[in-house]
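Colleague: Structure supplied as input.txt; contents: compact mmCIF, C-alpha atoms.
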```txt
# COMPACT_ATOMS: atom_id res chain seq x y z
CA MET A 9 182.82 133.51 147.47
CA SER A 10 184.72 134.30 149.45
CA GLU A 11 183.84 137.35 160.79
CA VAL A 12 181.14 138.61 161.29
CA SER A 13 181.79 141.44 163.72
CA GLY A 14 179.51 143.23 166.06
CA ALA A 15 178.82 143.19 169.75
CA ALA A 16 177.62 140.36 171.94
CA PHE A 17 174.95 139.37 169.41
CA ALA A 18 177.32 138.99 166.44
CA GLY A 19 176.01 135.56 165.56
CA ALA A 20 172.33 136.36 165.95
CA SER A 21 170.06 136.69 162.94
CA VAL A 22 168.05 139.78 162.20
CA PRO A 23 164.51 139.28 163.45
CA ARG A 24 161.69 139.35 160.95
CA GLY A 25 158.57 141.43 161.23
CA ARG A 26 158.91 144.24 158.65
CA ALA A 27 155.70 145.63 157.27
CA LYS A 28 155.05 144.93 153.61
CA GLY A 29 156.97 147.38 151.45
CA GLU A 30 159.11 148.58 154.33
CA PRO A 31 162.85 148.78 153.46
CA ARG A 32 164.90 145.95 154.89
CA PHE A 33 167.51 148.40 156.17
CA PRO A 34 166.22 151.99 156.29
CA GLY A 35 168.91 154.18 154.77
CA GLY A 36 170.83 151.09 153.66
CA PRO A 37 171.40 149.40 150.29
CA LYS A 38 168.41 149.23 147.97
CA ALA A 39 167.08 145.91 146.73
CA ASP A 40 167.29 147.00 143.07
CA PRO A 41 169.05 150.36 142.82
CA ALA A 42 168.96 150.62 139.00
CA GLY A 43 165.31 149.57 138.83
CA SER A 44 163.98 149.37 135.29
CA HIS A 45 166.02 152.29 133.95
CA PHE A 46 168.26 150.06 131.84
CA GLU A 47 167.79 147.30 129.31
CA ARG A 48 167.32 143.75 130.42
CA ARG A 49 170.31 141.56 129.66
CA ILE A 50 171.96 138.36 130.73
CA ARG A 51 173.51 138.95 134.14
CA SER A 52 176.90 137.60 135.13
CA PHE A 53 175.86 137.43 138.78
CA GLN A 54 173.11 135.81 140.75
CA PRO A 55 171.96 137.46 143.99
CA ARG A 56 172.29 135.13 146.96
CA ARG A 57 169.71 135.29 149.69
CA SER A 58 171.07 134.46 153.12
CA ARG A 59 170.56 135.65 156.64
CA VAL A 60 172.03 138.93 157.79
CA THR A 61 173.36 138.86 161.34
CA ALA A 62 172.53 141.60 163.80
CA GLY A 63 176.11 142.88 163.63
CA GLN A 64 175.98 143.13 159.83
CA ALA A 65 172.57 144.80 159.97
CA ASP A 66 173.87 147.33 162.48
CA ALA A 67 176.79 148.15 160.20
CA LEU A 68 174.46 148.59 157.22
CA ARG A 69 172.23 150.98 159.13
CA ARG A 70 175.09 153.03 160.61
CA LEU A 71 177.64 153.04 157.84
CA TRP A 72 175.81 152.69 154.53
CA PRO A 73 174.91 156.41 154.43
CA VAL A 74 178.62 157.20 154.91
CA TRP A 75 180.49 154.51 152.97
CA GLY A 76 177.83 152.90 150.79
CA LEU A 77 176.95 153.51 147.15
CA ASP A 78 173.81 152.32 145.37
CA ILE A 79 174.58 151.71 141.70
CA ASP A 80 171.56 153.36 140.13
CA GLY A 81 173.18 154.53 136.89
CA GLN A 82 171.61 157.97 137.28
CA ARG A 83 174.74 160.02 137.95
CA VAL A 84 178.44 160.17 137.30
CA ILE A 85 180.57 159.63 140.38
CA ASP A 86 183.35 161.96 141.42
CA LEU A 87 185.73 159.45 142.97
CA ALA A 88 187.74 162.13 144.75
CA GLU A 89 184.54 163.32 146.38
CA LEU A 90 183.44 159.78 147.20
CA PHE A 91 186.68 158.99 149.04
CA GLY A 92 187.54 162.49 150.20
CA ASN A 93 190.98 162.41 148.55
CA THR A 94 192.70 161.98 145.19
CA ARG A 95 194.50 158.72 145.90
CA PRO A 96 194.46 155.92 143.30
CA VAL A 97 191.22 153.96 143.08
CA VAL A 98 190.93 150.23 142.43
CA LEU A 99 187.57 148.68 141.60
CA GLU A 100 186.91 145.21 143.02
CA ILE A 101 184.00 143.28 141.53
CA GLY A 102 182.62 140.57 143.81
CA PHE A 103 184.15 140.56 147.29
CA GLY A 104 182.19 137.82 149.06
CA MET A 105 182.30 138.45 152.79
CA GLY A 106 184.98 141.11 152.41
CA GLU A 107 187.81 139.62 154.46
CA ALA A 108 190.34 139.80 151.63
CA THR A 109 189.21 143.30 150.67
CA ALA A 110 189.64 144.55 154.23
CA ARG A 111 193.08 142.99 154.46
CA MET A 112 194.23 144.58 151.19
CA ALA A 113 192.86 147.94 152.30
CA ALA A 114 194.75 147.68 155.60
CA ASP A 115 197.98 146.65 153.86
CA ASP A 116 197.79 149.51 151.33
CA PRO A 117 196.13 152.53 152.98
CA ASP A 118 197.26 154.83 150.15
CA THR A 119 195.00 153.04 147.66
CA ASN A 120 191.24 153.47 147.70
CA ILE A 121 189.10 150.39 147.05
CA LEU A 122 185.61 150.62 145.58
CA ALA A 123 184.25 147.14 146.30
CA VAL A 124 181.05 146.07 144.52
CA ASP A 125 178.77 143.13 145.28
CA VAL A 126 175.08 142.26 145.52
CA HIS A 127 175.39 140.05 148.63
CA THR A 128 173.83 141.94 151.53
CA PRO A 129 175.50 139.96 154.35
CA GLY A 130 178.87 140.52 152.66
CA GLN A 131 178.19 144.24 152.32
CA GLY A 132 177.40 144.46 156.02
CA ASN A 133 180.41 142.36 156.94
CA LEU A 134 182.83 144.48 154.92
CA LEU A 135 181.44 147.69 156.40
CA ASN A 136 181.83 146.18 159.85
CA LEU A 137 185.42 145.13 159.15
CA ALA A 138 186.28 148.57 157.76
CA ASP A 139 184.78 150.28 160.79
CA ARG A 140 186.38 147.95 163.31
CA ASN A 141 189.83 148.30 161.72
CA GLY A 142 189.67 152.02 160.97
CA LEU A 143 189.80 151.53 157.19
CA THR A 144 188.76 154.81 155.63
CA ASN A 145 189.89 153.78 152.14
CA VAL A 146 186.98 151.40 151.46
CA ARG A 147 183.65 152.20 149.84
CA VAL A 148 181.00 149.53 149.24
CA GLY A 149 178.94 149.50 146.05
CA ASN A 150 175.60 147.72 145.73
CA GLY A 151 174.37 146.62 142.32
CA ASP A 152 175.49 145.81 138.81
CA ALA A 153 179.15 146.53 138.10
CA ILE A 154 178.40 146.83 134.38
CA ILE A 155 176.10 149.78 135.05
CA LEU A 156 178.72 151.28 137.34
CA LEU A 157 181.41 151.07 134.67
CA ARG A 158 179.23 152.19 131.79
CA GLU A 159 177.11 154.91 133.37
CA MET A 160 178.79 156.15 136.54
CA LEU A 161 182.56 156.16 136.05
CA THR A 162 184.50 158.53 133.81
CA PRO A 163 187.16 157.48 131.29
CA ASP A 164 190.59 156.73 132.75
CA SER A 165 189.29 156.97 136.31
CA LEU A 166 190.50 153.62 137.65
CA ASP A 167 194.01 152.63 138.65
CA GLY A 168 193.19 148.94 138.79
CA LEU A 169 190.45 146.33 138.54
CA ARG A 170 190.19 143.12 140.59
CA VAL A 171 187.92 140.19 139.82
CA TYR A 172 188.60 137.40 142.28
CA PHE A 173 186.82 134.05 142.02
CA PRO A 174 183.87 135.14 139.89
CA ASP A 175 181.06 132.69 139.34
CA PRO A 176 182.47 130.17 136.81
CA TRP A 177 179.03 129.23 135.45
CA PRO A 178 180.38 125.74 134.71
CA LYS A 179 177.54 124.46 132.54
CA LYS A 180 178.19 125.10 128.85
CA ARG A 181 174.79 126.71 128.30
CA HIS A 182 175.66 129.25 131.02
CA HIS A 183 179.09 130.24 129.70
CA LYS A 184 177.52 133.37 128.20
CA ARG A 185 176.96 134.57 131.76
CA ARG A 186 180.67 134.62 132.61
CA LEU A 187 181.91 138.10 133.37
CA ILE A 188 185.29 137.97 131.65
CA GLN A 189 184.20 138.27 128.03
CA PRO A 190 185.51 140.50 125.20
CA GLU A 191 182.64 142.99 125.60
CA PHE A 192 183.30 143.43 129.31
CA LEU A 193 187.03 143.85 128.73
CA THR A 194 186.38 146.57 126.15
CA LEU A 195 184.13 148.45 128.56
CA ALA A 196 186.57 148.08 131.44
CA ALA A 197 189.43 149.33 129.27
CA THR A 198 187.67 152.65 128.75
CA ARG A 199 187.69 153.25 132.51
CA LEU A 200 191.20 151.99 133.24
CA LYS A 201 194.13 154.36 133.03
CA PRO A 202 196.96 153.29 130.73
CA GLY A 203 199.22 151.07 132.80
CA ALA A 204 196.44 150.03 135.20
CA VAL A 205 196.34 146.31 135.94
CA LEU A 206 193.35 144.01 135.60
CA HIS A 207 193.85 141.16 138.07
CA CYS A 208 191.68 138.05 137.85
CA ALA A 209 191.85 134.89 139.93
CA THR A 210 189.88 131.66 139.67
CA ASP A 211 190.06 128.07 140.84
CA TRP A 212 188.02 126.80 137.91
CA GLU A 213 190.54 125.65 135.31
CA PRO A 214 188.29 125.88 132.20
CA TYR A 215 187.34 129.45 133.14
CA ALA A 216 191.00 130.28 133.75
CA GLU A 217 191.84 129.08 130.25
CA GLN A 218 189.00 131.14 128.77
CA MET A 219 190.15 134.22 130.67
CA LEU A 220 193.68 133.75 129.40
CA ASP A 221 192.48 133.35 125.82
CA VAL A 222 190.22 136.41 125.73
CA LEU A 223 192.68 138.65 127.59
CA THR A 224 195.59 137.59 125.39
CA ALA A 225 193.55 138.29 122.25
CA HIS A 226 192.23 141.67 123.40
CA PRO A 227 194.12 144.64 121.90
CA ASP A 228 193.66 146.85 124.98
CA TYR A 229 195.62 144.56 127.32
CA GLU A 230 199.05 142.99 127.58
CA ASN A 231 200.17 140.19 129.85
CA THR A 232 202.44 141.27 132.68
CA VAL A 233 204.11 137.86 132.38
CA PRO A 234 206.68 138.41 129.59
CA GLU A 235 206.51 134.84 128.32
CA GLY A 236 202.72 134.79 128.56
CA GLY A 237 200.50 132.49 130.58
CA PHE A 238 199.35 132.66 134.18
CA ALA A 239 201.06 134.72 136.84
CA PRO A 240 202.25 133.61 140.27
CA ARG A 241 199.88 134.67 143.07
CA PRO A 242 201.06 138.16 144.04
CA ALA A 243 201.80 138.71 147.72
CA PHE A 244 199.19 141.48 147.97
CA ARG A 245 196.30 139.10 147.21
CA PRO A 246 195.44 137.44 150.53
CA LEU A 247 194.81 133.74 150.81
CA THR A 248 191.15 133.58 151.80
CA ARG A 249 189.23 130.85 153.62
CA PHE A 250 187.40 130.14 150.38
CA GLU A 251 190.66 129.70 148.49
CA SER A 252 192.21 127.60 151.25
CA GLN A 253 189.24 125.24 151.16
CA GLY A 254 189.62 124.92 147.40
CA LEU A 255 193.31 124.16 147.68
CA GLN A 256 192.58 121.46 150.26
CA LYS A 257 190.23 119.88 147.72
CA GLY A 258 192.98 119.86 145.11
CA HIS A 259 191.84 122.91 143.15
CA VAL A 260 194.46 124.84 141.21
CA VAL A 261 194.17 128.60 141.60
CA ARG A 262 195.21 130.71 138.63
CA ASP A 263 196.08 134.41 138.68
CA LEU A 264 196.03 136.58 135.58
CA LEU A 265 197.54 140.07 135.62
CA PHE A 266 197.09 142.07 132.43
CA ARG A 267 198.06 145.70 131.94
CA ARG A 268 195.97 148.30 130.13
CA VAL A 269 198.05 149.34 127.14
CA PRO A 270 198.52 153.03 126.24
CA HIS A 271 195.74 154.59 124.23
CA ARG A 272 196.19 154.51 120.50
CA ASP A 273 196.15 157.71 118.50
CA ALA A 274 193.03 157.62 116.35
CA ALA A 275 194.82 159.12 113.36
CA THR A 276 198.08 157.17 113.42
CA GLY A 277 197.07 154.01 115.24
CA ARG A 278 200.18 154.37 117.38
CA GLY A 279 200.34 154.13 121.16
```
Show this structure as structure tokens.
Modeller:
Amino acid sequence: MSEVSGAAFAGASVPRGRAKGEPRFPGGPKADPAGSHFERRIRSFQPRRSRVTAGQADALRRLWPVWGLDIDGQRVIDLAELFGNTRPVVLEIGFGMGEATARMAADDPDTNILAVDVHTPGQGNLLNLADRNGLTNVRVGNGDAIILLREMLTPDSLDGLRVYFPDPWPKKRHHKRRLIQPEFLTLAATRLKPGAVLHCATDWEPYAEQMLDVLTAHPDYENTVPEGGFAPRPAFRPLTRFESQGLQKGHVVRDLLFRRVPHRDAATGRG
């Protein structure tokens, strides 16, 4: 959803010619990191196949072993070990080509960003941007964010969660594929520290209304807007090319910022 960096061949496409079964990027992100270890379910994302430029491919080969994470669901991540420090960690689900992620990382170097997507060109582009701009506070995850949250992150490990311009799945029969649903919010709440903010943004008005409804009704979250409703776009969320194009077409972009409420005592029901 939302440039490509690299040397003189930044705009060139990766040549074909791999042998059958040979990894696309040796040492890079796996095509299906979780394999068949977990149950089949309706996915909220759809992998996009597009060409990887030579610059992106170079970044994947060089930097994936250092800054990449395959979401295989087979281990619990130590975030302090992953980033090499104990700074706050924000999870970003779906980063497109990574321009906004890189800008937020540069603007807030004291916050670590674990950015997850399944789009290989975007993964390579974000790694390239991080390398080119000296951003050591970015790690790139490859795979299903649900598996990451459920199997690989510990309770209260996240200081924030960002979901910018997720697939709106506009057709009614596809609404069940939308990410922001009560079940997802319940899972995310177990990994968010009390006070952590879930920040969503969308330019699809019906999805924005659904997000507002399910977040407002969920007992683990409270709106940061005292009177309720949508929030103004915060200054820390960059205006991306994708968003600018939508605004030029007359789209209305909605931001929702909801805070994880304090845990309730199981015995008393109090916060």
Colleague: For Ala138 (chain A), work out the shell of residues within 12 Å, counting all atoms listed in the file and skipping chain neighbours fewer than 6 positions away, then give it as JSON, numbers by chain.
Modeller: {"A": [11, 12, 13, 14, 64, 67, 68, 71, 72, 74, 75, 76, 105, 106, 107, 108, 109, 110, 111, 112, 113, 114, 117, 121, 123, 131, 132, 144, 145, 146, 147, 148]}
Colleague: Give as a list in words every residue, naming chains and numbers as the document does, that has an atom within 12 Å of (183.3, 149.9, 128.3), counting all atoms listed in the file.
Modeller: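 Answer for this query, in the requested form: Ala153, Ile154, Ile155, Leu156, Leu157, Arg158, Glu159, Met160, Leu161, Thr162, Pro163, Asp164, Gln189, Pro190, Glu191, Phe192, Leu193, Thr194, Leu195, Ala196, Ala197, Thr198, Arg199, Leu200 and Asp228 of chain A.
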Colleague: From the list A:Asp86, A:Asp175, A:Asp116, A:Asp66, which residue is nearest Pro129 (chain A) when using all atoms listed in the file?
Modeller: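 The shortest atom-to-atom distance to Pro129 (chain A) comes from A:Asp66.
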Colleague: Of the candidates A:Asp139, A:Arg69, A:Asn120, A:Ile79, which one gets nearest to Gly92 (chain A) if we count all atoms listed in the file?
Modeller: A:Asn120
Colleague: From the set A:Gly81, A:Pro246, A:Gly142, A:Pro240, which residue has the shortest atom-to-atom contact distance to Leu264 (chain A), counting only C-alpha atoms?
Modeller: A:Pro240
Colleague: Which residues, written as an mmCIF file with C-alpha atoms, in the frame of the given file, have at least one atom at most 8 Å from Ala216 (chain A), with all atoms listed in the file counted and residues fewer than 6 positions away on the same chain left out?
Modeller:
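Resulting contents of out-v6.cif:
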```
data_model
loop_
_atom_site.group_PDB
_atom_site.id
_atom_site.type_symbol
_atom_site.label_atom_id
_atom_site.label_comp_id
_atom_site.auth_asym_id
_atom_site.auth_seq_id
_atom_site.Cartn_x
_atom_site.Cartn_y
_atom_site.Cartn_z
ATOM 1 C CA ALA A 209 191.850 134.890 139.930
ATOM 2 C CA THR A 210 189.880 131.660 139.670
ATOM 3 C CA ARG A 262 195.210 130.710 138.630
#
```
Colleague: Which residue is closest to Gly43 (chain A)? Choose from A:Gly236, A:Gly254, A:Gly104, A:Gly151 and count only C-alpha atoms.
Modeller: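 So, comparing all the options, the nearest one is A:Gly151.
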Colleague: In Å, with one decimal, what is the gap from CA of Lys38 (chain A) to CA of Leu99 (chain A)?
Modeller: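 These atoms are spaced 20.2 Å apart.
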Colleague: Using the file's own x, y and z axes, what box holds all listed atoms of region 108-112 of chain A with 3 Å on each side, keeping edges along x, y and z, and what are its centre and edge lengths in Å to one decimal, as lines of an AutoDock Vina configuration file?
Modeller:
```
center_x = 191.7
center_y = 142.2
center_z = 152.6
size_x = 11.0
size_y = 10.8
size_z = 9.8
```
Colleague: Restricting the calculation to all atoms listed in the file: of A:Leu169, A:Leu187, A:Ile85, A:Val269, which residue gets closest to Val97 (chain A)?
Modeller: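 Distance minimum relative to Val97 (chain A) lands on A:Leu169.
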Colleague: When you count all atoms listed in the file, which of these residues is closest to Tyr215 (chain A): A:Arg267, A:Arg140, A:His183, A:His259?
Modeller: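 Among the listed residues, A:His183 lies closest to Tyr215 (chain A).
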Colleague: Dig up all the protein and nucleic acid residues within 7 Å of (190.5, 124.4, 139.9) in the file frame, using all atoms listed in the file, and format them as number ranges by chain.
Modeller: A: 211-213, 259-261
Colleague: Could you write out that same residue set with C-alpha atoms as a CSV table (one decimal), keeping the file's coordinate frame?
Modeller:
```csv
chain,number,residue,atom,x,y,z
A,211,ASP,CA,190.1,128.1,140.8
A,212,TRP,CA,188.0,126.8,137.9
A,213,GLU,CA,190.5,125.6,135.3
A,259,HIS,CA,191.8,122.9,143.2
A,260,VAL,CA,194.5,124.8,141.2
A,261,VAL,CA,194.2,128.6,141.6
```
Colleague: Neighbouring residues of Tyr229 (chain A) were defined as those with any atom within 10 Å, considering all atoms listed in the file; residues of the same chain fewer than 5 positions away were excluded. Please report them as number ranges by chain.
Modeller: A: 193-194, 197, 202-206, 222-224, 265-270
Colleague: Neighbours of Pro96 (chain A) within 10 Å (all atoms listed in the file; same-chain residues fewer than 6 positions away dropped), as a PDB file with C-alpha atoms, in the frame of the given file?
Modeller:
```
ATOM      1  CA  LEU A  87     185.730 159.450 142.970  1.00  0.00           C
ATOM      2  CA  ALA A  88     187.740 162.130 144.750  1.00  0.00           C
ATOM      3  CA  ASP A 118     197.260 154.830 150.150  1.00  0.00           C
ATOM      4  CA  THR A 119     195.000 153.040 147.660  1.00  0.00           C
ATOM      5  CA  ASN A 120     191.240 153.470 147.700  1.00  0.00           C
ATOM      6  CA  ILE A 121     189.100 150.390 147.050  1.00  0.00           C
ATOM      7  CA  SER A 165     189.290 156.970 136.310  1.00  0.00           C
ATOM      8  CA  LEU A 166     190.500 153.620 137.650  1.00  0.00           C
ATOM      9  CA  ASP A 167     194.010 152.630 138.650  1.00  0.00           C
ATOM     10  CA  GLY A 168     193.190 148.940 138.790  1.00  0.00           C
TER      11      GLY A 168
END
```
Colleague: May I ask for the distance between CA of Asp152 (chain A) and CA of His207 (chain A), given in Å to one decimal place?
Modeller: 19.0 Å
Colleague: Do you have the CA of Ala243 (chain A)-CA of Ile101 (chain A) distance handy?
Modeller: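 Between these atoms lies a distance of 19.4 Å.
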